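Step one of this worksheet: look at the structure below.
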Amino acid sequence: MSAPSLSATPSGTDQGDAAMKPGAEVVLQALKDQGVEVIFGYPGGAVLPIYDALFQQNHIRHILVRHEQAAVHAAEGYARSTGKVGVVLVTSGPGATNAVTGLVDALMDSIPIVCLTGQVPTHLIGNDAFQEADTTGITRPATKHNYLVKRSEDLAAVLHDAFHIARSGRPGPVVIDLPKDILIKPAPYAPPPKPGAPHRSYRPVLDPDPAAIREAVRLLKGARQPIIYTGGGVINAGPEASALLTEFVRLTGMPCTNTLMGLGAFPASDPQFVGMLGMHGTYEANMCMWQCDVMLNIGARFDDRITGRLDKFSPNSKKIHADIDPSSINKNVKVEVPIVGDAARVLRALIAAWKEDATPFSRAQIEPWWRRIEEWRAIRCLAFTQDMTPGAIIKPQHAVKRLFEITRETGRDVIVSTEVGQHQMWAAQYIGFEKPNKWLTSGGLGTMGYGLPAAMGAQIANPDALCIDVAGEASILMNIQEMGTLAQYRLPVKVFILNNEYMGMVRQWQELLHGGRYSESYSDALPDFVKLADAFHAKGLRARSIEELDPVIREMIAHPGPVIADICVAKDENCFPMIPSGAAHNEMILGPDQEKNAARVTDEGKVLV
Amino acid sequence: MAGTDTRTATIAVLVENEAGVLARVIGLFSGRGYNIDSLTVAPVDAEGRLSRITIVTSGTEMVIEQIKAQLDRLVPVHKVSDLTLEGPHLVRELALIKVVGRGEHRVEALRLADAFRARVVDATTESFVFEMTGNAEKIDAFLALMRPLGLAEVSRTGAVAIARGTRQIAA
């Protein structure tokens with residue numbers, strides 16, 4: 001979007017003050033003082049003053065993306081893999097509108113983003129000027145908060161305010177719309193307010209109510225069939241929250257499940273982990289939710305992909321819900337014990353209260369519960385059969401499983417992003433995350449095209465990590481232009497495409513719910529991904545049959561630059577288990593391999609196979 | 001699950017008096033499908049820094065709790081107060097009511113206006129503009145009476161409300 005716009009003339013009235021400098025320099029000073037090292041952006045007429053100031057400094061690195069949507073996803077990947085605020089810089093009009101999908105994605109998944117958008121000069125606002133859009137109007141429901149800076153004296157304060165709002169409480173995206181004249185005119189600068197200085201109107205509650213914590217512990221100590229269910233809030237509360245969660249789960253001996261956004265908060269290899277829950281969660285996790293008598297939810301929001309049919313959701317449990325956002329509590333599911341607070345502080349309080357509480361709690365009281373969980377586990381809901389004969393077709397589950405196993409063997413720091421669809425669910429099911437901030441996926445909005453730019457942002461923040469985008473052949477084409485960014489910055493991101501020549505999840509729903517009428521879900525006229533990689537200065541690899549899979553994965557990892565690995569997988573594979581949309585947890589559909597095992601546990605509920 | 005009984009809530013919201021704040025509030029209601037029965041807004045402090053929004057809405061208890069939590073989450077919102085829930089309070093609105101007619105109807109309109117304590121703020125030989133304050137029911141009742149007498153036009157402010165006694169809503 002680099003068409004030039006009319007350049008605004010400085011007003012000339014604000015000169016002579018030594019502390020004043022051009023607005024664009026004030027912007028960069030504020031970013032620097034907020035600890036920003038990297039921004040993702042795309043230039044254009046309205047933001048040229050900022051690009052000019054960027055050119056003349058060395059503190060902030062600018063990554064030039066190929067599309068503004070990708071700038072926001074890259075900033076999300078950066079933020080999600082570091083816990084820092086991701087920063088985006090785009091121009092007015094189309095620059096801002098292209099960023100909207102990324103902003104909504106960050107809003108839905110509570111990712112801290114500050115997005116600077118250019119705007120036409122203040123005197124042209126409302127005149128339908130070239131590349132003018134009502135950016136604050138358009139992004140109002142797409143952000144946690146947004147600003148239009150109309151006075152130079154507000155500029156520095158707005159920037160600091162934006163960072164505070166983006167990162168505190170429930171994190172989210174914040175837009176600052178910057179008219180071009182504000183960027184040119186001299187503006188005063190003030191450093192960030194002292195940490196802990198109270199905001200005039202925005203004061204999220206961080207410390208939980210001790211009485212609610214005591215009540216939660218009382219319920220948990222009385223539980224016979226408890227489940228601890230945690231989400232992205234634990235990840236957002238920082239690595240310490242994940243460590244505290246692990247401590248609390250081990251202290252209590254209770255089973256733990258994570259949402260899609262919460263994977264990595266509790267180690268996947270721990271015997272107390274029952275896997276991901278929800279629509280494509282494990283049988284054991286969903287049966288725990290269905291049968292539990294006490295549920296502790298920390299930092300998850302009872303999303304419809306988790307609860308399934310609401311009036312049949314966990315019918316016999318007392319529910320405790322801790323969330324930093326009071327509006328998440330009692331929104332979908334009525335709970336007995338609401339707790340407002342930061343996940344780390346809630347967990348610290350729970351651990352202390354659990355130890356202080358005199359009520360005895362023995363593992364024996366949940367032993368029968370664990371025996372039932374083991375029965376559910378014995379169904380092995382994620383098992384599949386892979387024909388290992390040379391020439392056999394690769395199953396997508398096997399491809400992901402091998403990707404996980406081989407990357408684990410390397411001992412490297414592995415960060416996985418995904419696009420959206422079947423491959424995303426398989427990645428969530430077959431890759432075990434031991435730590436937080438290693439899993440980047442578009443959970444709430446379900447944005448195809450998220451994974452490649454997110455991996456790019458993570459790679460910039462973690463130059464030594466092995467960053468892999470598990471993709472589908474359809475999703476990857478939604479932001480494929482970012483291969484150019486990988487080439488420019490020599491980012492060794494690996495794009496691992498499970499190519500089944502279908503929008504797999506659409507095809508699966510059409511098979512199961514629409515009579516097998518595969519309307520527009522076939523990926524026709526696909527590019528040759530190996531040649532495509534070549535065209536973007538990357539390495540292209542392809543695995544057509546089972547014996548080629550491991551060598552391709554190994555070669556992909558060993559290659560020092562960006563790679564596209566085109567893994568040709570079975571075209572008709574479905575992702576199971578599956579709770580059909582609008583069904584209850586006990587109405588799970590299992591895969592063909594589980595049919596016979598599941599028949600034995602039908603007394604647990606109506607298991608449709 | 002929560003009950004399906006609905007109730008009306010009069011909610012006072014103290015907000016920063018800044019550009020876009022009303023759009024945020026209205027967008028929240030339309031985006032999430034909540035009802036707005038009426039909404040009023042004006043600055044209320046000496047410096048013009050704070051505005052007070054009075055919203056009359058209706059929904060199930062769970063929806064009203066959600067509305068309050070969502071309002072409170074908006075960055076420029078200082079305070080959300082459910083006057084209906086918090087105790088005795090006064091609700092008033094102001095209406096300007098134009099009645100056009102001659103002869104008997106005109107006399108009758110004036111007589112009823114007097115009974116309702118509506119003030120005549122404009123008059124011509126064939127019209128009146130009445131000014132009236134009261135709760136919504138009182139205004140509705142007066143309008144029903146004016147309809148056969150030549151009710152021509154109505155402008156209403158929507159409700160403003162305040163708690164009785166010493167209770168206050170402060171930023």
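So you can find residues: chains in the structure tokens are A, B, ... in the order shown, residues in each start at 1, and ligands are numbered from 1 in order.
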
Dump as a tab-separated table the rows for residues of chain A within 8 Å of chain B: closest atom pair and distance in Å with one decimal, only C-alpha atoms counted, ordered by chain and rising residue number.
residue	atom	partner	partner_atom	distance
A:Arg140	CA	B:Arg24	CA	7.0
A:Pro141	CA	B:Gly27	CA	7.3
A:Lys144	CA	B:Leu74	CA	7.8
A:His145	CA	B:Val75	CA	6.6
A:Arg200	CA	B:His78	CA	7.9
A:Ser201	CA	B:His78	CA	4.8
A:Tyr202	CA	B:Val75	CA	5.3
A:Asp311	CA	B:Met1	CA	6.9
A:Asp325	CA	B:Arg73	CA	7.8
A:Pro326	CA	B:Ala69	CA	6.1
A:Ser327	CA	B:Ala69	CA	4.7
A:Asn330	CA	B:Met62	CA	7.1
A:Lys331	CA	B:Gln66	CA	6.3
A:Val333	CA	B:Met1	CA	7.3
A:Lys334	CA	B:Met1	CA	6.4

Nearby residues (only C-alpha atoms) at most 12 Å from Leu89 of chain A, same-chain spacing under 2 positions excluded, as a PyMOL selection string: chain A and resi 24+27-28+31+38-44+46-51+54+61-65+67-72+74-75+86-87+91-92+95-96+98-99+113-119+174-178

Residues flagged strand (DSSP E) by DSSP in segment 48-161 of chain B, as a VMD selection string: chain B and resid 50 to 60 77 to 82 89 to 100 119 to 124 127 to 134 151 to 156 160 to 161

Atom-to-atom span, atom CA of Ala129 of chain A and atom CA of Gly93 of chain A, Å: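 Interatomic distance, atom CA of Ala129 of chain A to atom CA of Gly93 of chain A: 9.5 Å.
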
Nearby residues (only C-alpha atoms) at most 7 Å from Gly299 of chain A, same-chain spacing under 2 positions excluded, as a PDB file with N, CA and C atoms, in the first residue's frame:
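Result saved to part04.pdb:
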ATOM      1  N   THR A 230      -7.756 -26.017  32.224  1.00  0.00           N
ATOM      2  CA  THR A 230      -7.114 -24.698  32.114  1.00  0.00           C
ATOM      3  C   THR A 230      -6.936 -24.264  30.667  1.00  0.00           C
ATOM      4  N   GLY A 231      -6.878 -22.949  30.477  1.00  0.00           N
ATOM      5  CA  GLY A 231      -6.833 -22.411  29.123  1.00  0.00           C
ATOM      6  C   GLY A 231      -5.729 -21.395  28.917  1.00  0.00           C
ATOM      7  N   GLY A 232      -5.931 -20.561  27.907  1.00  0.00           N
ATOM      8  CA  GLY A 232      -4.920 -19.594  27.503  1.00  0.00           C
ATOM      9  C   GLY A 232      -4.569 -18.585  28.589  1.00  0.00           C
ATOM     10  N   GLY A 233      -5.466 -18.384  29.554  1.00  0.00           N
ATOM     11  CA  GLY A 233      -5.202 -17.447  30.638  1.00  0.00           C
ATOM     12  C   GLY A 233      -3.970 -17.834  31.436  1.00  0.00           C
ATOM     13  N   VAL A 234      -3.725 -19.144  31.577  1.00  0.00           N
ATOM     14  CA  VAL A 234      -2.542 -19.591  32.330  1.00  0.00           C
ATOM     15  C   VAL A 234      -1.281 -19.270  31.521  1.00  0.00           C
ATOM     16  N   ASN A 297     -11.884 -24.506  36.686  1.00  0.00           N
ATOM     17  CA  ASN A 297     -11.493 -23.884  35.418  1.00  0.00           C
ATOM     18  C   ASN A 297     -10.606 -22.688  35.741  1.00  0.00           C
ATOM     19  N   ARG A 301     -12.623 -20.162  28.951  1.00  0.00           N
ATOM     20  CA  ARG A 301     -13.854 -19.360  28.916  1.00  0.00           C
ATOM     21  C   ARG A 301     -15.110 -20.137  28.509  1.00  0.00           C
ATOM     22  N   ALA A 322     -11.945 -19.418  37.635  1.00  0.00           N
ATOM     23  CA  ALA A 322     -11.041 -18.291  37.885  1.00  0.00           C
ATOM     24  C   ALA A 322     -10.675 -17.663  36.555  1.00  0.00           C
ATOM     25  N   ASP A 323     -10.898 -16.354  36.443  1.00  0.00           N
ATOM     26  CA  ASP A 323     -10.573 -15.662  35.198  1.00  0.00           C
ATOM     27  C   ASP A 323     -10.249 -14.213  35.523  1.00  0.00           C
ATOM     28  N   ALA A 343      -4.156 -15.551  36.754  1.00  0.00           N
ATOM     29  CA  ALA A 343      -4.021 -17.002  36.931  1.00  0.00           C
ATOM     30  C   ALA A 343      -2.876 -17.372  37.871  1.00  0.00           C
TER      31      ALA A 343
END

Nearby residues (only C-alpha atoms) at most 9 Å from Thr8 of chain B, same-chain spacing under 2 positions excluded, as a compact mmCIF listing (two decimals) with C-alpha atoms, in the first residue's frame:
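So the final result, stored in result.txt, reads:
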# COMPACT_ATOMS: atom_id res chain seq x y z
CA THR B 6 -36.48 -11.31 32.30
CA THR B 10 -31.69 0.89 34.90
CA VAL B 56 -32.53 1.11 30.49
CA THR B 57 -32.26 -2.46 29.29
CA SER B 58 -33.98 -5.78 29.79
CA GLY B 59 -32.95 -9.41 29.80
CA THR B 60 -32.53 -12.47 31.97
CA ILE B 64 -27.98 -8.30 32.73
CA THR B 84 -32.62 -1.33 39.91

Test item, helix (DSSP H, G or I) assignment across segment 1-122 of chain B, answer as a ChimeraX atom specification: /B:21-32,61-73,83-86,104-115

Separation of atom CA of Met578 of chain A from atom CA of Ala474 of chain A, in Å and rounded to one decimal: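 Computing it gives 21.6 Å between the two atoms.
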
Spatial neighbours of Thr40 of chain B, max dist 12 Å, only C-alpha atoms, sep filter under 4 positions, as a VMD selection string: chain B and resid 10 to 14 22 25 to 26 36 51 to 56 91 to 94 156 to 161

Among listed residues A:Gly484, A:Thr418, A:His514, A:Gly446, nearest Ala471 of chain A (using only C-alpha atoms):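 Counting only C-alpha atoms, the residue closest to Ala471 of chain A is A:Thr418.
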
Exercise: Arg111 of chain B partners within 12 Å, only C-alpha atoms, chain neighbours under 3 positions left out, as a list of chain:residue names: B:Glu104, B:His105, B:Arg106, B:Val107, B:Glu108, B:Asp114, B:Ala115, B:Phe116, B:Arg117, B:Ala118, B:Arg119, B:Val120, B:Phe130, B:Phe142, B:Leu145, B:Met146, B:Leu149

Contacts of segment 345-359 of chain A at 7 Å (only C-alpha atoms; same-chain gap of 5+ positions) as a PyMOL selection string: chain A and resi 207-208+213-214+217+244-245+248

Atom-to-atom span, atom CA of Phe266 of chain A and atom CA of Ser242 of chain A, Å: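 Distance between the two atoms: 6.3 Å.
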